[in-house]
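protein21.pdb follows (PDB, C-alpha atoms):
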ATOM      1  CA  MET M  24      36.158 148.565  93.504  1.00  0.00           C
ATOM      2  CA  SER M  25      36.749 151.115  96.234  1.00  0.00           C
ATOM      3  CA  THR M  26      36.616 148.375  98.816  1.00  0.00           C
ATOM      4  CA  VAL M  27      39.299 146.514  96.906  1.00  0.00           C
ATOM      5  CA  LEU M  28      41.475 149.596  96.940  1.00  0.00           C
ATOM      6  CA  THR M  29      40.877 149.975 100.663  1.00  0.00           C
ATOM      7  CA  VAL M  30      42.236 146.519 101.265  1.00  0.00           C
ATOM      8  CA  LEU M  31      45.094 147.083  98.851  1.00  0.00           C
ATOM      9  CA  ALA M  32      46.191 150.047 100.898  1.00  0.00           C
ATOM     10  CA  LEU M  33      47.031 147.649 103.701  1.00  0.00           C
ATOM     11  CA  VAL M  34      49.420 145.606 101.597  1.00  0.00           C
ATOM     12  CA  PRO M  35      52.623 147.713 101.619  1.00  0.00           C
ATOM     13  CA  ASP M  36      52.990 147.515 105.396  1.00  0.00           C
ATOM     14  CA  PHE M  37      52.540 143.777 105.263  1.00  0.00           C
ATOM     15  CA  LEU M  38      55.174 143.446 102.566  1.00  0.00           C
ATOM     16  CA  ARG M  39      57.616 145.573 104.524  1.00  0.00           C
ATOM     17  CA  THR M  40      57.089 143.308 107.499  1.00  0.00           C
ATOM     18  CA  VAL M  41      57.917 140.235 105.462  1.00  0.00           C
ATOM     19  CA  ALA M  42      60.930 141.898 103.876  1.00  0.00           C
ATOM     20  CA  THR M  43      62.464 142.551 107.264  1.00  0.00           C
ATOM     21  CA  ALA M  44      61.380 139.436 109.119  1.00  0.00           C
ATOM     22  CA  PHE M  45      63.361 136.305 108.630  1.00  0.00           C
ATOM     23  CA  ASN M  46      62.408 134.011 111.454  1.00  0.00           C
ATOM     24  CA  GLY M  47      59.858 132.782 113.947  1.00  0.00           C
ATOM     25  CA  THR M  48      56.478 134.085 114.818  1.00  0.00           C
ATOM     26  CA  ARG M  49      56.936 137.464 113.207  1.00  0.00           C
ATOM     27  CA  LEU M  50      57.405 135.916 109.793  1.00  0.00           C
ATOM     28  CA  SER M  51      54.476 133.559 110.206  1.00  0.00           C
ATOM     29  CA  THR M  52      52.261 136.426 111.226  1.00  0.00           C
ATOM     30  CA  ALA M  53      53.398 138.513 108.282  1.00  0.00           C
ATOM     31  CA  ILE M  54      52.651 135.691 105.883  1.00  0.00           C
ATOM     32  CA  ASP M  55      49.266 135.199 107.513  1.00  0.00           C
ATOM     33  CA  GLN M  56      48.510 138.843 106.989  1.00  0.00           C
ATOM     34  CA  ILE M  57      49.325 138.869 103.327  1.00  0.00           C
ATOM     35  CA  LEU M  58      47.620 135.607 102.534  1.00  0.00           C
ATOM     36  CA  ASN M  59      44.479 136.821 104.230  1.00  0.00           C
ATOM     37  CA  THR M  60      44.608 139.959 102.157  1.00  0.00           C
ATOM     38  CA  GLY M  61      44.370 137.859  99.019  1.00  0.00           C
ATOM     39  CA  ALA M  62      41.164 136.183 100.096  1.00  0.00           C
ATOM     40  CA  ALA M  63      39.729 139.426 101.403  1.00  0.00           C
ATOM     41  CA  LEU M  64      40.158 140.919  97.962  1.00  0.00           C
ATOM     42  CA  ILE M  65      37.894 138.296  96.551  1.00  0.00           C
ATOM     43  CA  GLU M  66      35.288 138.844  99.215  1.00  0.00           C
ATOM     44  CA  ALA M  67      35.392 142.556  98.556  1.00  0.00           C
ATOM     45  CA  GLY M  68      33.323 142.349  95.441  1.00  0.00           C
ATOM     46  CA  ASP M  69      33.809 139.263  93.404  1.00  0.00           C
ATOM     47  CA  GLY M  70      30.951 137.231  92.025  1.00  0.00           C
ATOM     48  CA  ALA M  71      32.533 133.898  92.785  1.00  0.00           C
ATOM     49  CA  ALA M  72      31.385 133.832  96.397  1.00  0.00           C
ATOM     50  CA  THR M  73      29.671 130.460  96.071  1.00  0.00           C
ATOM     51  CA  GLU M  74      32.800 128.833  94.724  1.00  0.00           C
ATOM     52  CA  LEU M  75      34.862 130.485  97.403  1.00  0.00           C
ATOM     53  CA  GLN M  76      32.525 129.147 100.052  1.00  0.00           C
ATOM     54  CA  ALA M  77      32.780 125.624  98.654  1.00  0.00           C
ATOM     55  CA  PHE M  78      36.546 125.843  98.562  1.00  0.00           C
ATOM     56  CA  THR M  79      36.572 127.124 102.134  1.00  0.00           C
ATOM     57  CA  THR M  80      34.539 124.090 103.155  1.00  0.00           C
ATOM     58  CA  GLN M  81      37.161 121.895 101.502  1.00  0.00           C
ATOM     59  CA  ILE M  82      39.938 123.589 103.465  1.00  0.00           C
ATOM     60  CA  LYS M  83      37.952 123.244 106.683  1.00  0.00           C
ATOM     61  CA  ALA M  84      37.636 119.510 106.058  1.00  0.00           C
ATOM     62  CA  MET M  85      41.369 119.339 105.475  1.00  0.00           C
ATOM     63  CA  VAL M  86      42.014 121.120 108.760  1.00  0.00           C
ATOM     64  CA  ALA M  87      39.535 118.904 110.600  1.00  0.00           C
ATOM     65  CA  ALA M  88      41.329 115.849 109.273  1.00  0.00           C
ATOM     66  CA  GLY M  89      44.622 117.295 110.456  1.00  0.00           C
ATOM     67  CA  ARG M  90      46.303 116.905 107.096  1.00  0.00           C
ATOM     68  CA  ASP M  91      47.982 118.967 104.411  1.00  0.00           C
ATOM     69  CA  PRO M  92      47.007 119.036 100.732  1.00  0.00           C
ATOM     70  CA  THR M  93      48.119 115.992  98.813  1.00  0.00           C
ATOM     71  CA  GLU M  94      50.052 116.003  95.571  1.00  0.00           C
ATOM     72  CA  ASP M  95      46.899 114.875  93.776  1.00  0.00           C
ATOM     73  CA  GLU M  96      44.972 117.811  95.190  1.00  0.00           C
ATOM     74  CA  TRP M  97      47.708 120.203  94.112  1.00  0.00           C
ATOM     75  CA  ASN M  98      47.730 118.661  90.665  1.00  0.00           C
ATOM     76  CA  ALA M  99      43.955 118.947  90.387  1.00  0.00           C
ATOM     77  CA  LEU M 100      44.105 122.615  91.297  1.00  0.00           C
ATOM     78  CA  LYS M 101      46.914 123.272  88.850  1.00  0.00           C
ATOM     79  CA  ALA M 102      44.985 121.442  86.138  1.00  0.00           C
ATOM     80  CA  ARG M 103      42.020 123.739  86.714  1.00  0.00           C
ATOM     81  CA  SER M 104      44.324 126.734  86.490  1.00  0.00           C
ATOM     82  CA  ASP M 105      45.901 125.397  83.321  1.00  0.00           C
ATOM     83  CA  ALA M 106      42.469 124.881  81.780  1.00  0.00           C
ATOM     84  CA  ALA M 107      41.271 128.362  82.656  1.00  0.00           C
ATOM     85  CA  HIS M 108      44.567 129.820  81.484  1.00  0.00           C
ATOM     86  CA  ALA M 109      44.221 128.003  78.164  1.00  0.00           C
ATOM     87  CA  VAL M 110      40.706 129.344  77.664  1.00  0.00           C
ATOM     88  CA  ILE M 111      41.817 132.878  78.403  1.00  0.00           C
ATOM     89  CA  GLN M 112      44.967 132.748  76.346  1.00  0.00           C
ATOM     90  CA  GLY M 113      43.199 130.955  73.508  1.00  0.00           C
ATOM     91  CA  LEU M 114      41.312 134.088  72.717  1.00  0.00           C
ATOM     92  CA  THR M 115      42.736 136.339  70.092  1.00  0.00           C
ATOM     93  CA  ALA M 116      41.509 139.864  69.981  1.00  0.00           C
ATOM     94  CA  PRO M 117      41.650 141.651  66.627  1.00  0.00           C
ATOM     95  CA  GLY M 118      45.055 143.196  66.209  1.00  0.00           C
ATOM     96  CA  ALA M 119      46.328 141.637  69.381  1.00  0.00           C
ATOM     97  CA  THR M 120      49.711 140.084  69.675  1.00  0.00           C
ATOM     98  CA  THR M 121      50.440 136.950  71.587  1.00  0.00           C
ATOM     99  CA  ALA M 122      50.292 137.627  75.287  1.00  0.00           C
ATOM    100  CA  PRO M 123      53.433 137.018  77.289  1.00  0.00           C
ATOM    101  CA  THR M 124      53.419 133.750  79.166  1.00  0.00           C
ATOM    102  CA  ALA M 125      56.854 133.688  80.709  1.00  0.00           C
ATOM    103  CA  ALA M 126      57.285 134.139  84.421  1.00  0.00           C
ATOM    104  CA  PRO M 127      58.166 137.642  85.601  1.00  0.00           C
ATOM    105  CA  ALA M 128      61.857 138.343  85.679  1.00  0.00           C
ATOM    106  CA  VAL M 129      62.126 138.137  89.427  1.00  0.00           C
ATOM    107  CA  PRO M 130      65.342 136.594  90.670  1.00  0.00           C
ATOM    108  CA  THR M 131      64.951 133.582  92.862  1.00  0.00           C
ATOM    109  CA  THR M 132      67.752 132.006  94.743  1.00  0.00           C
ATOM    110  CA  GLY M 133      68.098 129.004  96.925  1.00  0.00           C
ATOM    111  CA  SER M 134      68.190 125.315  96.388  1.00  0.00           C
ATOM    112  CA  ALA M 135      65.106 124.014  98.139  1.00  0.00           C
ATOM    113  CA  GLU M 136      62.990 121.786  95.972  1.00  0.00           C
ATOM    114  CA  PRO M 137      59.439 122.818  95.098  1.00  0.00           C
ATOM    115  CA  THR M 138      56.991 120.803  97.173  1.00  0.00           C
ATOM    116  CA  PRO M 139      53.547 121.636  95.807  1.00  0.00           C
TER     117      PRO M 139
ATOM    118  CA  MET J  12      51.665 129.892 118.622  1.00  0.00           C
ATOM    119  CA  LYS J  13      49.350 132.100 120.654  1.00  0.00           C
ATOM    120  CA  GLU J  14      51.017 135.239 119.279  1.00  0.00           C
ATOM    121  CA  LYS J  15      50.642 133.883 115.773  1.00  0.00           C
ATOM    122  CA  TRP J  16      46.915 133.386 116.160  1.00  0.00           C
ATOM    123  CA  LEU J  17      46.450 136.741 117.823  1.00  0.00           C
ATOM    124  CA  GLY J  18      48.150 138.313 114.824  1.00  0.00           C
ATOM    125  CA  LEU J  19      45.992 136.349 112.440  1.00  0.00           C
ATOM    126  CA  TRP J  20      42.801 137.372 114.188  1.00  0.00           C
ATOM    127  CA  SER J  21      43.860 140.995 114.409  1.00  0.00           C
ATOM    128  CA  VAL J  22      44.399 141.188 110.686  1.00  0.00           C
ATOM    129  CA  LEU J  23      41.244 139.287 109.943  1.00  0.00           C
ATOM    130  CA  VAL J  24      39.181 141.706 111.970  1.00  0.00           C
ATOM    131  CA  LEU J  25      40.997 144.621 110.348  1.00  0.00           C
ATOM    132  CA  LEU J  26      40.299 143.305 106.875  1.00  0.00           C
ATOM    133  CA  CYS J  27      36.653 142.677 107.683  1.00  0.00           C
ATOM    134  CA  ALA J  28      36.309 146.219 108.970  1.00  0.00           C
ATOM    135  CA  GLY J  29      38.135 147.628 105.961  1.00  0.00           C
ATOM    136  CA  ILE J  30      35.880 145.898 103.503  1.00  0.00           C
ATOM    137  CA  ASP J  31      32.398 146.318 104.811  1.00  0.00           C
ATOM    138  CA  LEU J  32      30.781 145.792 108.178  1.00  0.00           C
ATOM    139  CA  SER J  33      28.247 143.527 106.553  1.00  0.00           C
ATOM    140  CA  TYR J  34      31.040 141.053 105.966  1.00  0.00           C
ATOM    141  CA  MET J  35      31.948 140.915 109.641  1.00  0.00           C
ATOM    142  CA  ALA J  36      29.703 137.991 110.446  1.00  0.00           C
ATOM    143  CA  GLY J  37      30.859 135.811 107.619  1.00  0.00           C
ATOM    144  CA  CYS J  38      34.337 136.984 106.759  1.00  0.00           C
ATOM    145  CA  GLN J  39      36.202 133.945 107.988  1.00  0.00           C
ATOM    146  CA  GLY J  40      33.393 131.654 106.885  1.00  0.00           C
ATOM    147  CA  SER J  41      34.163 132.279 103.218  1.00  0.00           C
ATOM    148  CA  ASN J  42      37.872 132.914 103.493  1.00  0.00           C
ATOM    149  CA  PRO J  43      39.731 129.688 102.688  1.00  0.00           C
ATOM    150  CA  ILE J  44      43.097 131.140 103.676  1.00  0.00           C
ATOM    151  CA  ALA J  45      41.820 132.226 107.076  1.00  0.00           C
ATOM    152  CA  VAL J  46      40.599 128.767 108.000  1.00  0.00           C
ATOM    153  CA  ALA J  47      43.860 127.068 107.008  1.00  0.00           C
ATOM    154  CA  THR J  48      46.126 126.394 109.972  1.00  0.00           C
ATOM    155  CA  ASP J  49      49.582 125.790 108.521  1.00  0.00           C
ATOM    156  CA  THR J  50      51.701 127.015 105.636  1.00  0.00           C
ATOM    157  CA  PRO J  51      50.993 124.157 103.188  1.00  0.00           C
ATOM    158  CA  GLN J  52      47.259 124.579 103.734  1.00  0.00           C
ATOM    159  CA  ARG J  53      47.549 128.348 103.309  1.00  0.00           C
ATOM    160  CA  ALA J  54      49.591 128.002 100.146  1.00  0.00           C
ATOM    161  CA  TYR J  55      46.972 125.643  98.762  1.00  0.00           C
ATOM    162  CA  ALA J  56      44.170 127.961  99.857  1.00  0.00           C
ATOM    163  CA  LEU J  57      45.829 130.971  98.250  1.00  0.00           C
ATOM    164  CA  TYR J  58      46.440 129.136  95.012  1.00  0.00           C
ATOM    165  CA  GLY J  59      42.865 127.849  95.014  1.00  0.00           C
ATOM    166  CA  THR J  60      41.596 131.362  95.520  1.00  0.00           C
ATOM    167  CA  PHE J  61      43.621 132.461  92.514  1.00  0.00           C
ATOM    168  CA  VAL J  62      42.151 129.589  90.490  1.00  0.00           C
ATOM    169  CA  ILE J  63      38.627 130.723  91.362  1.00  0.00           C
ATOM    170  CA  VAL J  64      39.465 134.207  90.103  1.00  0.00           C
ATOM    171  CA  GLU J  65      41.067 132.788  86.981  1.00  0.00           C
ATOM    172  CA  GLU J  66      38.069 130.567  86.241  1.00  0.00           C
ATOM    173  CA  GLN J  67      35.785 133.536  86.616  1.00  0.00           C
ATOM    174  CA  ALA J  68      38.018 135.412  84.201  1.00  0.00           C
ATOM    175  CA  ALA J  69      37.691 132.515  81.758  1.00  0.00           C
ATOM    176  CA  ARG J  70      33.910 132.675  81.947  1.00  0.00           C
ATOM    177  CA  VAL J  71      33.985 136.411  81.391  1.00  0.00           C
ATOM    178  CA  VAL J  72      36.145 136.197  78.278  1.00  0.00           C
ATOM    179  CA  GLN J  73      33.854 133.514  76.847  1.00  0.00           C
ATOM    180  CA  ASP J  74      30.846 135.772  77.265  1.00  0.00           C
ATOM    181  CA  PRO J  75      29.977 137.209  73.828  1.00  0.00           C
ATOM    182  CA  ALA J  76      28.753 140.358  75.533  1.00  0.00           C
ATOM    183  CA  THR J  77      32.189 141.158  76.932  1.00  0.00           C
ATOM    184  CA  PRO J  78      33.888 143.893  74.895  1.00  0.00           C
ATOM    185  CA  VAL J  79      36.960 142.693  73.010  1.00  0.00           C
ATOM    186  CA  ALA J  80      39.210 145.301  74.602  1.00  0.00           C
ATOM    187  CA  LEU J  81      38.256 144.080  78.077  1.00  0.00           C
ATOM    188  CA  LYS J  82      38.811 140.474  77.051  1.00  0.00           C
ATOM    189  CA  ARG J  83      42.245 141.462  75.862  1.00  0.00           C
ATOM    190  CA  ALA J  84      42.972 143.179  79.176  1.00  0.00           C
ATOM    191  CA  ILE J  85      42.017 140.015  81.059  1.00  0.00           C
ATOM    192  CA  GLN J  86      44.197 137.969  78.743  1.00  0.00           C
ATOM    193  CA  VAL J  87      47.219 140.159  79.435  1.00  0.00           C
ATOM    194  CA  ALA J  88      46.569 140.212  83.179  1.00  0.00           C
ATOM    195  CA  ASP J  89      46.207 136.443  83.346  1.00  0.00           C
ATOM    196  CA  ALA J  90      49.410 135.960  81.369  1.00  0.00           C
ATOM    197  CA  LYS J  91      51.215 137.688  84.217  1.00  0.00           C
ATOM    198  CA  ALA J  92      49.194 136.372  87.143  1.00  0.00           C
ATOM    199  CA  LYS J  93      49.439 132.656  86.468  1.00  0.00           C
ATOM    200  CA  PRO J  94      53.237 132.354  86.483  1.00  0.00           C
ATOM    201  CA  SER J  95      53.330 134.551  89.563  1.00  0.00           C
ATOM    202  CA  ALA J  96      50.811 132.377  91.393  1.00  0.00           C
ATOM    203  CA  ASP J  97      52.684 129.259  90.322  1.00  0.00           C
ATOM    204  CA  ALA J  98      55.971 130.717  91.543  1.00  0.00           C
ATOM    205  CA  LEU J  99      54.448 131.792  94.834  1.00  0.00           C
ATOM    206  CA  ALA J 100      53.114 128.301  95.434  1.00  0.00           C
ATOM    207  CA  VAL J 101      56.594 126.921  94.849  1.00  0.00           C
ATOM    208  CA  ALA J 102      58.180 129.556  97.093  1.00  0.00           C
ATOM    209  CA  LEU J 103      55.779 128.760  99.921  1.00  0.00           C
ATOM    210  CA  GLY J 104      56.551 125.087  99.528  1.00  0.00           C
ATOM    211  CA  ASN J 105      60.254 125.842  99.622  1.00  0.00           C
ATOM    212  CA  TYR J 106      59.790 127.858 102.780  1.00  0.00           C
ATOM    213  CA  GLU J 107      58.007 124.951 104.431  1.00  0.00           C
ATOM    214  CA  THR J 108      60.771 122.590 103.359  1.00  0.00           C
ATOM    215  CA  ALA J 109      63.500 124.910 104.616  1.00  0.00           C
ATOM    216  CA  THR J 110      61.727 125.400 107.935  1.00  0.00           C
ATOM    217  CA  ALA J 111      61.379 121.671 108.466  1.00  0.00           C
ATOM    218  CA  ALA J 112      64.995 121.073 107.508  1.00  0.00           C
ATOM    219  CA  LEU J 113      66.209 123.714 109.931  1.00  0.00           C
ATOM    220  CA  LYS J 114      64.156 122.225 112.742  1.00  0.00           C
ATOM    221  CA  ALA J 115      65.547 118.805 111.916  1.00  0.00           C
ATOM    222  CA  GLY J 116      69.073 120.179 112.002  1.00  0.00           C
ATOM    223  CA  THR J 117      69.716 119.215 108.396  1.00  0.00           C
ATOM    224  CA  SER J 118      69.910 122.739 107.034  1.00  0.00           C
ATOM    225  CA  THR J 119      71.127 126.190 107.948  1.00  0.00           C
ATOM    226  CA  ALA J 120      69.472 129.495 108.755  1.00  0.00           C
ATOM    227  CA  ASP J 121      70.900 130.902 105.530  1.00  0.00           C
ATOM    228  CA  LYS J 122      68.729 128.619 103.459  1.00  0.00           C
ATOM    229  CA  LEU J 123      65.665 129.586 105.434  1.00  0.00           C
ATOM    230  CA  SER J 124      66.529 133.247 104.856  1.00  0.00           C
ATOM    231  CA  ILE J 125      66.772 132.599 101.133  1.00  0.00           C
ATOM    232  CA  ALA J 126      63.416 130.833 101.116  1.00  0.00           C
ATOM    233  CA  THR J 127      61.924 133.671 103.128  1.00  0.00           C
ATOM    234  CA  ASN J 128      63.272 136.265 100.742  1.00  0.00           C
ATOM    235  CA  ASN J 129      61.810 134.369  97.817  1.00  0.00           C
ATOM    236  CA  ILE J 130      58.417 134.389  99.490  1.00  0.00           C
ATOM    237  CA  SER J 131      58.670 138.134  99.940  1.00  0.00           C
ATOM    238  CA  VAL J 132      59.604 138.648  96.298  1.00  0.00           C
ATOM    239  CA  TRP J 133      56.875 136.401  94.937  1.00  0.00           C
ATOM    240  CA  LEU J 134      54.223 137.618  97.351  1.00  0.00           C
ATOM    241  CA  HIS J 135      54.835 141.133  96.128  1.00  0.00           C
ATOM    242  CA  GLN J 136      54.717 140.047  92.502  1.00  0.00           C
ATOM    243  CA  ALA J 137      51.733 137.722  92.834  1.00  0.00           C
ATOM    244  CA  GLN J 138      49.765 140.186  94.902  1.00  0.00           C
ATOM    245  CA  ALA J 139      50.124 142.827  92.220  1.00  0.00           C
ATOM    246  CA  ASP J 140      49.455 140.452  89.342  1.00  0.00           C
ATOM    247  CA  ILE J 141      46.437 138.733  90.892  1.00  0.00           C
ATOM    248  CA  ASN J 142      44.984 142.089  91.832  1.00  0.00           C
ATOM    249  CA  ALA J 143      45.472 143.250  88.263  1.00  0.00           C
ATOM    250  CA  LEU J 144      43.579 140.197  87.032  1.00  0.00           C
ATOM    251  CA  LEU J 145      40.821 140.848  89.535  1.00  0.00           C
ATOM    252  CA  ALA J 146      40.648 144.480  88.428  1.00  0.00           C
ATOM    253  CA  ALA J 147      40.459 143.422  84.789  1.00  0.00           C
ATOM    254  CA  VAL J 148      37.521 141.136  85.577  1.00  0.00           C
ATOM    255  CA  HIS J 149      35.798 143.827  87.602  1.00  0.00           C
ATOM    256  CA  ALA J 150      36.212 146.273  84.739  1.00  0.00           C
ATOM    257  CA  VAL J 151      33.702 144.233  82.753  1.00  0.00           C
ATOM    258  CA  PRO J 152      30.161 145.502  83.344  1.00  0.00           C
ATOM    259  CA  GLY J 153      28.217 143.115  85.526  1.00  0.00           C
ATOM    260  CA  HIS J 154      31.300 141.529  87.050  1.00  0.00           C
TER     261      HIS J 154
END
Would you give me this structure, written as structure tokens?
Amino acid sequence: MSTVLTVLALVPDFLRTVATAFNGTRLSTAIDQILNTGAALIEAGDGAATELQAFTTQIKAMVAAGRDPTEDEWNALKARSDAAHAVIQGLTAPGATTAPTAAPAVPTTGSAEPTP
Amino acid sequence: MKEKWLGLWSVLVLLCAGIDLSYMAGCQGSNPIAVATDTPQRAYALYGTFVIVEEQAARVVQDPATPVALKRAIQVADAKAKPSADALAVALGNYETATAALKAGTSTADKLSIATNNISVWLHQAQADINALLAAVHAVPGH
């Protein structure tokens, strides 16, 4: 867990970079940094290394083919998430209330359509 | 492009060093986000990484040996993490769309700024929520 916290300590600087960068290379780099942090967290101590390796191989194949994820691939991933979410949320601990499922109240603006 | 990759490699090396030197040899090899080369691939890789965590969480809560209180903690953490991950995936897609539209001359810099701001907001939220889910899983003995 300490390794996870070590990586987490790097996050605020990355977020500040994104918050102040609104164009070009600087933004791309900032996004790269944060996205890499997410995967590094998993590598820091998670037991799903085999699955992560398999998924990495899938991404490598995608890169080698010079293509982006398809809608079907996105849907498959979201279906897996939905299934896992249903399993987790289907549990009812004694005395527990229903867990919140709504999205966090973070304002989003803009009119661009979701693409995934 | 060269600056972008230099930045990517710098952070990758930094993260490898921050985690454990033993990971240095294989850090990128098992990091789906690091091997992706554009924003749609990275968004997909990040979401897939979240799914792997979430599926592990599902296995943990189905384990009869997992204490009920820890199952409940995972349940609460997942209830926050999933909508955040979903929203981040959408925000990243919107950013890609806005970038392409600006390059094509069919949009304005304002819209790209809005998309960028949304990424910042959702990255912050998702990062915290996914980490909380990961911490909840790691709180279970043996995980």
Task: Result set of the PyMOL selection byres ((chain J and resi 143) around 12) on the coordinates above, as a ChimeraX atom specification - done: /M:24,27-28,31,64 /J:61,64-65,68,84-93,95,136-142,144-150
Open item on the list: Using only C-alpha atoms, can you tell me which of M:Ala87, M:His108, M:Gly113, M:Lys101 comes closest to J:Val101?
Closed with: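 So, comparing all the options, the nearest one is M:Lys101.
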TODO: Rounded to one decimal place, report the atom CA of J:Lys122-atom CA of J:Tyr106 distance in Å.
DONE: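 Spanning atom CA of J:Lys122 to atom CA of J:Tyr106 is a straight-line distance of 9.0 Å.
Nearest residue to chain M among J:Gly116, J:Pro152, J:Pro75, J:Pro51 is J:Pro51, counting only C-alpha atoms.
Going from atom CA of J:Ala69 to atom CA of J:Thr50 covers 28.2 Å.
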Open item on the list: Just the number, please: distance in Å from atom CA of J:Thr110 to atom CA of J:Leu123, one decimal.
Closed with: 6.3 Å
- [ ] Identify all residues satisfying the PyMOL selection byres ((chain J and resi 47) around 10) in the given file; provide them as a PyMOL selection string.
- [x] (chain M and resi 55+79+82-87+91) or (chain J and resi 42-46+48-57)
- [ ] List the residues selected by the PyMOL selection byres ((chain J and resi 66) around 10) in the file shown, writing them as JSON, numbers by chain.
- [x] {"M": [71, 103, 104, 105, 106, 107, 108, 110, 111], "J": [60, 61, 62, 63, 64, 65, 67, 68, 69, 70, 71, 72]}
File dump, residues just selected, C-alpha atoms, as a PDB file, in the coordinates of the input:
ATOM      1  CA  ALA M  71      32.533 133.898  92.785  1.00  0.00           C
ATOM      2  CA  ARG M 103      42.020 123.739  86.714  1.00  0.00           C
ATOM      3  CA  SER M 104      44.324 126.734  86.490  1.00  0.00           C
ATOM      4  CA  ASP M 105      45.901 125.397  83.321  1.00  0.00           C
ATOM      5  CA  ALA M 106      42.469 124.881  81.780  1.00  0.00           C
ATOM      6  CA  ALA M 107      41.271 128.362  82.656  1.00  0.00           C
ATOM      7  CA  HIS M 108      44.567 129.820  81.484  1.00  0.00           C
ATOM      8  CA  VAL M 110      40.706 129.344  77.664  1.00  0.00           C
ATOM      9  CA  ILE M 111      41.817 132.878  78.403  1.00  0.00           C
TER      10      ILE M 111
ATOM     11  CA  THR J  60      41.596 131.362  95.520  1.00  0.00           C
ATOM     12  CA  PHE J  61      43.621 132.461  92.514  1.00  0.00           C
ATOM     13  CA  VAL J  62      42.151 129.589  90.490  1.00  0.00           C
ATOM     14  CA  ILE J  63      38.627 130.723  91.362  1.00  0.00           C
ATOM     15  CA  VAL J  64      39.465 134.207  90.103  1.00  0.00           C
ATOM     16  CA  GLU J  65      41.067 132.788  86.981  1.00  0.00           C
ATOM     17  CA  GLN J  67      35.785 133.536  86.616  1.00  0.00           C
ATOM     18  CA  ALA J  68      38.018 135.412  84.201  1.00  0.00           C
ATOM     19  CA  ALA J  69      37.691 132.515  81.758  1.00  0.00           C
ATOM     20  CA  ARG J  70      33.910 132.675  81.947  1.00  0.00           C
ATOM     21  CA  VAL J  71      33.985 136.411  81.391  1.00  0.00           C
ATOM     22  CA  VAL J  72      36.145 136.197  78.278  1.00  0.00           C
TER      23      VAL J  72
END
